[in-house]
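Q: I'd like to ask some things about the structure below.
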Amino acid sequence: MSSNEAYKGYRNEALETLKKFSAQIWSDVEIKTSKGKYYGIILPRSETADSAHIVLKLRSGYNIGVAVKAIEEINISGRKEANYKIQEKAFPYDPSKPMVKLLGTGGTIASRLDYRTGAVIPAFSPGELFGSVPELADICNLETEKLYGVFSENMGPEQWKGTAEAIGREIKKGVQGIVIGHGTDTMHHTAACLSFMVQNSPIPIVMVGSQRSSDRPSSDAALNLQHSVKTAAESDIAEVMVCMFGPTSDAYGLLHRGTRVRKMHSSYRSTFRTIGDIPLAMVSKKEIHLLRQDYKRRRKDREVTINTSFEEKVSIVYYYPNMKPDIIESLIDNGYKGIIIAGTGLGHVNKPLYPALKRACDNNIAVYMTVQTLWGYVQMYVYDTGRDIMELGVVPCANMLPEVAYIKLGWALGQTNDLNKVKEIMLTPIAGEITEREPSNGYLIYQGGIPEVEEFISKYMK
Ligand code: ASP
C-alpha cells in the first residue's frame with residue numbers, strides 16, 4: 001500500500017498520531033483513550049474531514065470518531081482490508097419495460113459506504129445499482145453514464161451545459177425517461193438551469209439525490225432512486241423535476257417542479273420543498289399520485305430544444321441592514337452584467353444603496369428584485385421605497401425564487417445583450433418560475449403540527 005493509501009484522508013495531528021503508533025488504515029486496533037478503550041478497524045477518511053479524529057469501525061459495526069487529543073496508546077492486533085467492490089449483477093433486460101437513462105453528476109447518491117468497512121465506494125454501473133437496489137429492475141431497463149463526479153457546490157455553467165446536452169442526446173436516442181443523480185446542496189440551482197436550457201422535453205427529467213449515504217439505516221438513497229426511476233419510467237409529467245423524500249418518514253416521495261423547489265433543511269431527508277405552490281405529485285413504490293393537472297404531458301415525438309447559452313457575470317446580492325454601496329460598486333467595477341437582489345419584505349433595500357443601484361442600471365447592468373422571504377411576491381408599489389427603487393431601473397421579479405432568478409438572468413443574458421429583450425425573457429414564465437397566484441395550501445410548513453398541515457397530510461395518507 002502506498003503511504004498515501006495507508007493514511008488516506010488523515011492529516012496533521014491525526015496523521016502524526018497514526019504514525020507515532022505505527023497504525024494505518026485497516027489496522028485492527030485497541031485504542032486507549034482518557035475516556036476508555038475502543039476496539040475496531042481504522043477507516044479511511046474523506047478528504048474534507050477534520051484532522052482531530054480517527055475513525056474506527058467498532059466490532060458492533062458502528063463507526064465512531066475518536067478524538068486524537070484523548071488518545072494515549074494504539075495497539076495493533078492485525079489488519080482487515082476493505083472489500084471495495086459492490087456485488088455486481090447484470091441488470092436484466094426486459095423488452096416490455098421502458099428504457100431509463102441515469103446520468104450521474106456526483107453527490108452523496110453517487111457513492112455508498114461499504115457496509116463492512118465504512119469506506120466510500122462508487123456505485124454507478126447498472127450492475128452495481130442493481131446489486132444494491134434490485135427493485136429497479138422491476139420498473140425499467142436501466143443504462144447509466146457518469147457525466148461528473150463532484151459534490152454539488154462544484155457544479156457550474158460548464159456542468160449545467162454538459163448535462164443539458166447529454167439530456168438532448170438521450171432524448172434523441174429514444175429513452176423513455178431520464179434520472180439525474182446530483183448532490184442535494186445545489187440541486188435546485190441545476191433543476192432551474194435545466195428547466196431553462198432544456199425546453200419542450202417529451203419525457204420526464206427527474207433529479208435525485210440523497211441526504212444520507214447508503215450505509216446508514218436511515219439512508220434515503222435507495223428509496224429516492226426507486227421513486228425517481230419509477231417517475232422517469234412511468235409518469236406522464238414531461239418536465240424537469242426534483243424527486244426526494246416527502247415527509248420525515250419514508251411514506252412517500254414528492255415530485256417538485258424544477259423552478260419552484262428549494263433545499264430547506266441542512267440534514268433532514270425531507271429537505272426539498274415546493275415554495276409558493278404545491279408539488280406536482282406524490283410518488284410511492286406503488287403509484288404516482290398527481291396533486292395538480294397543469295403540467296406538460298409526456299409525448300411520443302423526440303423534439304426538444306436545447307439552449308445552453310449562459311452569461312457567468314451575474315450575482316445574487318442578499319440584502320442585510322446596513323449594507324454599504326461598495327458591494328454594488330464592486331460588481332459594477334468588476335464588469336458584472338446582471339444582479340439579482342434578494343430584498344427584505346416586499347422587495348426593499350436601504351437608501352444609501354440607491355446611487356450605486358442607479359449607476360448599475362445606467363451602466364446597462366440588468367438589476368432585478370426578488371424577496372428573501374421566499375414565499376410571496378415582490379410588490380414594489382406598496383411603499384414609497386419600492387417605487388423609488390423601481391425608478392432607479394430595478395425590475396421586480398414577481399414570485400421568482402432568488403436562485404431561480406439568478407439562473408434565469410444568466411441564461412437570459414446568454415441569449416442577448418439587449419436589456420429590453422432580457423426583461424421580456426425574465427418576466428415571461430417559461431417553466432413555472434413565475435405563477436399568477438400562490439394557492440392557499442402552497443404555504444405549508446411544520447409549526448408544531450398546526451391544524452392545516454395535519455389536515456393536508458391526512459387527505460393523502462390513510
Ligand atoms: N454535499 C453534498 C452535495 O451536495 C450533499 C449531498 O450529496 O447531498 O454534493
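Ordering of the C-alpha cells sets the chain letters (A, B, ...), residue numbers begin anew at 1 in every chain, and ligands are numbered from 1 in the order given.
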Residues within 12 Å of ligand 1, counting only C-alpha atoms and all ligand atoms: report them as a ChimeraX atom specification.

A: /A:48,104-112,148-155,181-190,207-214,219-221,224,244,263,265-272

Q: Please list as a count of residues only every residue within 8 Å of A:Ala23, counting only C-alpha atoms and excluding residues in the same chain fewer than 4 positions away.

A: 5

Q: Residues of stretch 281-436 of chain A in strand (DSSP E or B) according to DSSP, as a ChimeraX atom specification?

A: /A:281-283,288-290,297,305-306,314-318,338-344,348,366-371,395-396

Q: Pull C-alpha atoms from the residues just selected and write them as a tab-separated table (two decimals), in the first residue's frame.

A:
```tsv
chain	number	residue	atom	x	y	z
A	281	ALA	CA	-47.21	14.71	-7.29
A	282	MET	CA	-46.59	12.20	-4.54
A	283	VAL	CA	-44.74	9.07	-5.50
A	288	ILE	CA	-47.71	8.31	-8.73
A	289	HIS	CA	-50.48	10.38	-7.19
A	290	LEU	CA	-50.92	13.68	-9.05
A	297	ARG	CA	-47.58	15.92	-20.78
A	305	THR	CA	-34.95	22.47	-27.64
A	306	ILE	CA	-31.54	22.64	-26.01
A	314	VAL	CA	-24.28	37.51	-12.75
A	315	SER	CA	-24.52	37.73	-8.98
A	316	ILE	CA	-27.07	37.46	-6.15
A	317	VAL	CA	-26.88	40.18	-3.52
A	318	TYR	CA	-28.61	39.18	-0.30
A	338	GLY	CA	-26.62	41.17	-14.05
A	339	ILE	CA	-27.53	41.50	-10.38
A	340	ILE	CA	-30.34	39.73	-8.54
A	341	ILE	CA	-31.20	41.40	-5.26
A	342	ALA	CA	-32.86	39.35	-2.53
A	343	GLY	CA	-34.55	42.26	-0.78
A	344	THR	CA	-36.38	42.50	2.52
A	348	HIS	CA	-36.58	46.65	-0.31
A	366	ALA	CA	-29.67	44.19	-15.53
A	367	VAL	CA	-30.84	44.58	-11.92
A	368	TYR	CA	-33.80	42.52	-10.66
A	369	MET	CA	-35.54	42.33	-7.29
A	370	THR	CA	-36.64	39.15	-5.51
A	371	VAL	CA	-37.69	38.56	-1.89
A	395	VAL	CA	-37.15	45.40	-12.09
A	396	PRO	CA	-39.41	43.34	-9.77
```

Q: Find, counting only C-alpha atoms, the residue in A:Lys324, A:Lys423, A:Lys286, A:Lys101 that gets nearest to A:Lys173.

A: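 With only C-alpha atoms as the atom set, the closest residue is A:Lys101.
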
Q: For the atom pair atom CA of A:Arg257 and atom CA of A:Phe196, what is the interatomic distance in Å to one decimal place?

A: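 The value is 12.3 Å.
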
Q: From the set A:Thr33, A:Phe21, A:Leu102, A:Phe91, which residue has the shortest atom-to-atom contact distance to A:Ala70, counting only C-alpha atoms?

A: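 Result for the nearest residue to A:Ala70: A:Thr33.
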
Q: Using only C-alpha atoms, which residues sit within 8 Å of A:Ser201 once same-chain residues fewer than 6 positions away are excluded, as a PDB file with N, CA, C and O atoms, in the first residue's frame?

A:
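So the final result, stored in part.pdb, reads:
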```pdb
ATOM      1  N   ILE A 171     -32.598  12.027 -25.265  1.00  0.00           N
ATOM      2  CA  ILE A 171     -33.973  12.144 -25.790  1.00  0.00           C
ATOM      3  C   ILE A 171     -33.989  11.702 -27.244  1.00  0.00           C
ATOM      4  O   ILE A 171     -34.831  10.913 -27.668  1.00  0.00           O
ATOM      5  N   ALA A 238     -43.790  15.512 -18.278  1.00  0.00           N
ATOM      6  CA  ALA A 238     -42.573  15.705 -19.082  1.00  0.00           C
ATOM      7  C   ALA A 238     -41.925  17.037 -18.716  1.00  0.00           C
ATOM      8  O   ALA A 238     -41.898  17.978 -19.504  1.00  0.00           O
ATOM      9  N   GLU A 239     -41.463  17.119 -17.472  1.00  0.00           N
ATOM     10  CA  GLU A 239     -40.833  18.364 -17.013  1.00  0.00           C
ATOM     11  C   GLU A 239     -39.558  18.017 -16.259  1.00  0.00           C
ATOM     12  O   GLU A 239     -39.337  16.868 -15.901  1.00  0.00           O
ATOM     13  N   ARG A 302     -39.708  13.083 -30.531  1.00  0.00           N
ATOM     14  CA  ARG A 302     -38.371  13.260 -29.950  1.00  0.00           C
ATOM     15  C   ARG A 302     -37.886  14.697 -30.102  1.00  0.00           C
ATOM     16  O   ARG A 302     -36.693  14.960 -30.182  1.00  0.00           O
ATOM     17  N   GLU A 303     -38.842  15.619 -30.194  1.00  0.00           N
ATOM     18  CA  GLU A 303     -38.482  17.040 -30.327  1.00  0.00           C
ATOM     19  C   GLU A 303     -38.061  17.575 -28.969  1.00  0.00           C
ATOM     20  O   GLU A 303     -38.681  17.292 -27.958  1.00  0.00           O
ATOM     21  N   VAL A 304     -37.022  18.373 -28.952  1.00  0.00           N
ATOM     22  CA  VAL A 304     -36.615  19.037 -27.718  1.00  0.00           C
ATOM     23  C   VAL A 304     -35.735  20.223 -28.112  1.00  0.00           C
ATOM     24  O   VAL A 304     -35.054  20.178 -29.134  1.00  0.00           O
ATOM     25  N   THR A 305     -35.803  21.309 -27.338  1.00  0.00           N
ATOM     26  CA  THR A 305     -34.954  22.470 -27.637  1.00  0.00           C
ATOM     27  C   THR A 305     -33.889  22.579 -26.558  1.00  0.00           C
ATOM     28  O   THR A 305     -34.220  22.713 -25.373  1.00  0.00           O
TER      29      THR A 305
END
```

Q: Could you list, as number ranges by chain, every residue within 9 Å of A:Gly432, counting only C-alpha atoms and ignoring same-chain residues fewer than 5 positions away?

A: A: 257-260, 400

Q: I need the residues in stretch 29-182 of chain A that are helix (DSSP H, G or I) according to DSSP; give them as a PyMOL selection string.

A: chain A and resi 68-70+108-110+126-132+136-139+152-154+157-173

Q: Go ahead and save the residues from that selection, with N, CA, C and O atoms, as a CSV table (one decimal), in the first residue's frame.

A:
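Ended up saving to part_10.csv:
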```csv
chain,number,residue,atom,x,y,z
A,68,VAL,N,-8.4,12.7,18.6
A,68,VAL,CA,-6.9,12.4,18.7
A,68,VAL,C,-6.3,12.9,20.0
A,68,VAL,O,-5.5,12.2,20.6
A,69,LYS,N,-6.8,14.0,20.5
A,69,LYS,CA,-6.3,14.6,21.7
A,69,LYS,C,-6.4,13.6,22.9
A,69,LYS,O,-5.5,13.6,23.8
A,70,ALA,N,-7.4,12.8,22.9
A,70,ALA,CA,-7.7,11.9,24.0
A,70,ALA,C,-6.9,10.6,23.9
A,70,ALA,O,-6.9,9.8,24.9
A,108,THR,N,-23.7,12.7,-2.7
A,108,THR,CA,-23.8,11.5,-1.8
A,108,THR,C,-24.4,10.3,-2.5
A,108,THR,O,-24.0,9.2,-2.3
A,109,ILE,N,-25.4,10.6,-3.4
A,109,ILE,CA,-26.1,9.4,-4.0
A,109,ILE,C,-25.2,8.7,-4.9
A,109,ILE,O,-25.4,7.5,-5.2
A,110,ALA,N,-24.1,9.3,-5.4
A,110,ALA,CA,-23.2,8.6,-6.3
A,110,ALA,C,-22.2,7.7,-5.6
A,110,ALA,O,-21.4,7.0,-6.2
A,126,PRO,N,-24.9,0.0,-14.0
A,126,PRO,CA,-26.2,-0.6,-13.8
A,126,PRO,C,-26.1,-1.8,-12.9
A,126,PRO,O,-27.0,-2.1,-12.1
A,127,GLY,N,-25.0,-2.6,-13.1
A,127,GLY,CA,-24.8,-3.8,-12.3
A,127,GLY,C,-24.7,-3.5,-10.8
A,127,GLY,O,-25.2,-4.2,-10.0
A,128,GLU,N,-23.9,-2.4,-10.5
A,128,GLU,CA,-23.8,-2.0,-9.1
A,128,GLU,C,-25.1,-1.5,-8.5
A,128,GLU,O,-25.4,-1.8,-7.4
A,129,LEU,N,-25.8,-0.7,-9.3
A,129,LEU,CA,-27.1,-0.2,-8.8
A,129,LEU,C,-28.1,-1.4,-8.6
A,129,LEU,O,-28.8,-1.4,-7.6
A,130,PHE,N,-28.0,-2.3,-9.5
A,130,PHE,CA,-28.9,-3.5,-9.4
A,130,PHE,C,-28.5,-4.3,-8.2
A,130,PHE,O,-29.4,-4.8,-7.4
A,131,GLY,N,-27.2,-4.4,-8.0
A,131,GLY,CA,-26.7,-5.1,-6.8
A,131,GLY,C,-27.2,-4.5,-5.5
A,131,GLY,O,-27.5,-5.2,-4.6
A,132,SER,N,-27.2,-3.2,-5.5
A,132,SER,CA,-27.7,-2.6,-4.2
A,132,SER,C,-29.1,-2.3,-4.2
A,132,SER,O,-29.7,-2.2,-3.1
A,136,LEU,N,-35.1,-1.9,-8.8
A,136,LEU,CA,-35.0,-1.1,-10.0
A,136,LEU,C,-35.4,-1.9,-11.2
A,136,LEU,O,-36.0,-1.4,-12.2
A,137,ALA,N,-35.0,-3.1,-11.2
A,137,ALA,CA,-35.2,-4.0,-12.4
A,137,ALA,C,-36.7,-4.3,-12.6
A,137,ALA,O,-37.1,-4.7,-13.7
A,138,ASP,N,-37.5,-4.1,-11.5
A,138,ASP,CA,-39.0,-4.4,-11.7
A,138,ASP,C,-39.6,-3.2,-12.5
A,138,ASP,O,-40.7,-3.3,-12.9
A,139,ILE,N,-38.9,-2.1,-12.5
A,139,ILE,CA,-39.5,-0.9,-13.1
A,139,ILE,C,-39.1,-0.7,-14.6
A,139,ILE,O,-39.9,-0.3,-15.4
A,152,SER,N,-22.0,18.9,-5.1
A,152,SER,CA,-22.7,19.8,-6.0
A,152,SER,C,-22.4,21.3,-5.8
A,152,SER,O,-22.7,22.1,-6.7
A,153,GLU,N,-21.6,21.7,-4.8
A,153,GLU,CA,-21.1,23.1,-4.8
A,153,GLU,C,-20.2,23.3,-5.9
A,153,GLU,O,-19.9,24.5,-6.3
A,154,ASN,N,-19.7,22.2,-6.5
A,154,ASN,CA,-18.8,22.4,-7.7
A,154,ASN,C,-19.5,22.4,-9.0
A,154,ASN,O,-18.8,22.4,-10.1
A,157,PRO,N,-21.7,26.5,-14.7
A,157,PRO,CA,-22.2,26.6,-16.1
A,157,PRO,C,-21.6,25.5,-17.0
A,157,PRO,O,-22.4,24.9,-17.8
A,158,GLU,N,-20.4,25.1,-16.8
A,158,GLU,CA,-19.8,24.0,-17.6
A,158,GLU,C,-20.6,22.7,-17.5
A,158,GLU,O,-21.0,22.1,-18.4
A,159,GLN,N,-20.8,22.4,-16.2
A,159,GLN,CA,-21.5,21.1,-15.9
A,159,GLN,C,-23.0,21.2,-16.3
A,159,GLN,O,-23.6,20.3,-16.7
A,160,TRP,N,-23.6,22.4,-16.1
A,160,TRP,CA,-25.0,22.6,-16.4
A,160,TRP,C,-25.2,22.4,-17.9
A,160,TRP,O,-26.1,21.7,-18.4
A,161,LYS,N,-24.3,23.0,-18.7
A,161,LYS,CA,-24.4,22.8,-20.2
A,161,LYS,C,-24.2,21.4,-20.6
A,161,LYS,O,-24.9,20.9,-21.4
A,162,GLY,N,-23.1,20.8,-20.0
A,162,GLY,CA,-22.8,19.4,-20.3
A,162,GLY,C,-24.0,18.5,-20.0
A,162,GLY,O,-24.3,17.5,-20.8
A,163,THR,N,-24.7,18.7,-18.9
A,163,THR,CA,-25.8,17.9,-18.5
A,163,THR,C,-27.0,18.1,-19.5
A,163,THR,O,-27.6,17.2,-19.9
A,164,ALA,N,-27.2,19.4,-19.8
A,164,ALA,CA,-28.3,19.7,-20.8
A,164,ALA,C,-28.1,19.0,-22.1
A,164,ALA,O,-29.0,18.5,-22.7
A,165,GLU,N,-26.8,19.1,-22.6
A,165,GLU,CA,-26.5,18.4,-23.9
A,165,GLU,C,-26.7,16.9,-23.8
A,165,GLU,O,-27.2,16.3,-24.7
A,166,ALA,N,-26.3,16.3,-22.7
A,166,ALA,CA,-26.4,14.9,-22.5
A,166,ALA,C,-27.9,14.5,-22.5
A,166,ALA,O,-28.3,13.5,-23.1
A,167,ILE,N,-28.8,15.4,-21.9
A,167,ILE,CA,-30.2,15.1,-21.9
A,167,ILE,C,-30.7,15.1,-23.3
A,167,ILE,O,-31.5,14.3,-23.8
A,168,GLY,N,-30.3,16.1,-24.1
A,168,GLY,CA,-30.7,16.3,-25.5
A,168,GLY,C,-30.4,15.0,-26.3
A,168,GLY,O,-31.2,14.5,-27.0
A,169,ARG,N,-29.1,14.5,-26.1
A,169,ARG,CA,-28.7,13.3,-26.8
A,169,ARG,C,-29.5,12.1,-26.5
A,169,ARG,O,-30.0,11.4,-27.3
A,170,GLU,N,-29.8,12.0,-25.2
A,170,GLU,CA,-30.6,10.8,-24.7
A,170,GLU,C,-32.0,10.8,-25.2
A,170,GLU,O,-32.6,9.8,-25.6
A,171,ILE,N,-32.6,12.0,-25.3
A,171,ILE,CA,-34.0,12.1,-25.8
A,171,ILE,C,-34.0,11.7,-27.2
A,171,ILE,O,-34.8,10.9,-27.7
A,172,LYS,N,-33.0,12.2,-28.0
A,172,LYS,CA,-33.0,11.8,-29.4
A,172,LYS,C,-32.8,10.3,-29.6
A,172,LYS,O,-33.3,9.7,-30.5
A,173,LYS,N,-32.0,9.7,-28.7
A,173,LYS,CA,-31.8,8.3,-28.8
A,173,LYS,C,-33.0,7.5,-28.5
A,173,LYS,O,-33.1,6.3,-28.8
```

Q: Would you work out the distance separating atom CA of A:Ile327 from atom CA of A:Ala356, expressed in Å to one decimal?

A: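 We find that atom CA of A:Ile327 and atom CA of A:Ala356 lie 8.9 Å from each other.
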
Q: Measuring atom to atom with only C-alpha atoms, identify which of A:Glu73, A:Glu287, A:Glu391, A:Glu143 is nearest to A:Leu357.

A: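 The shortest atom-to-atom distance to A:Leu357 comes from A:Glu391.
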
Q: Have a look at A:Met197, A:Val206, A:Ile180, A:Leu15 and name the one nearest to A:Lys230; count only C-alpha atoms.

A: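 Nearest candidate to A:Lys230 out of A:Met197, A:Val206, A:Ile180, A:Leu15: A:Val206.
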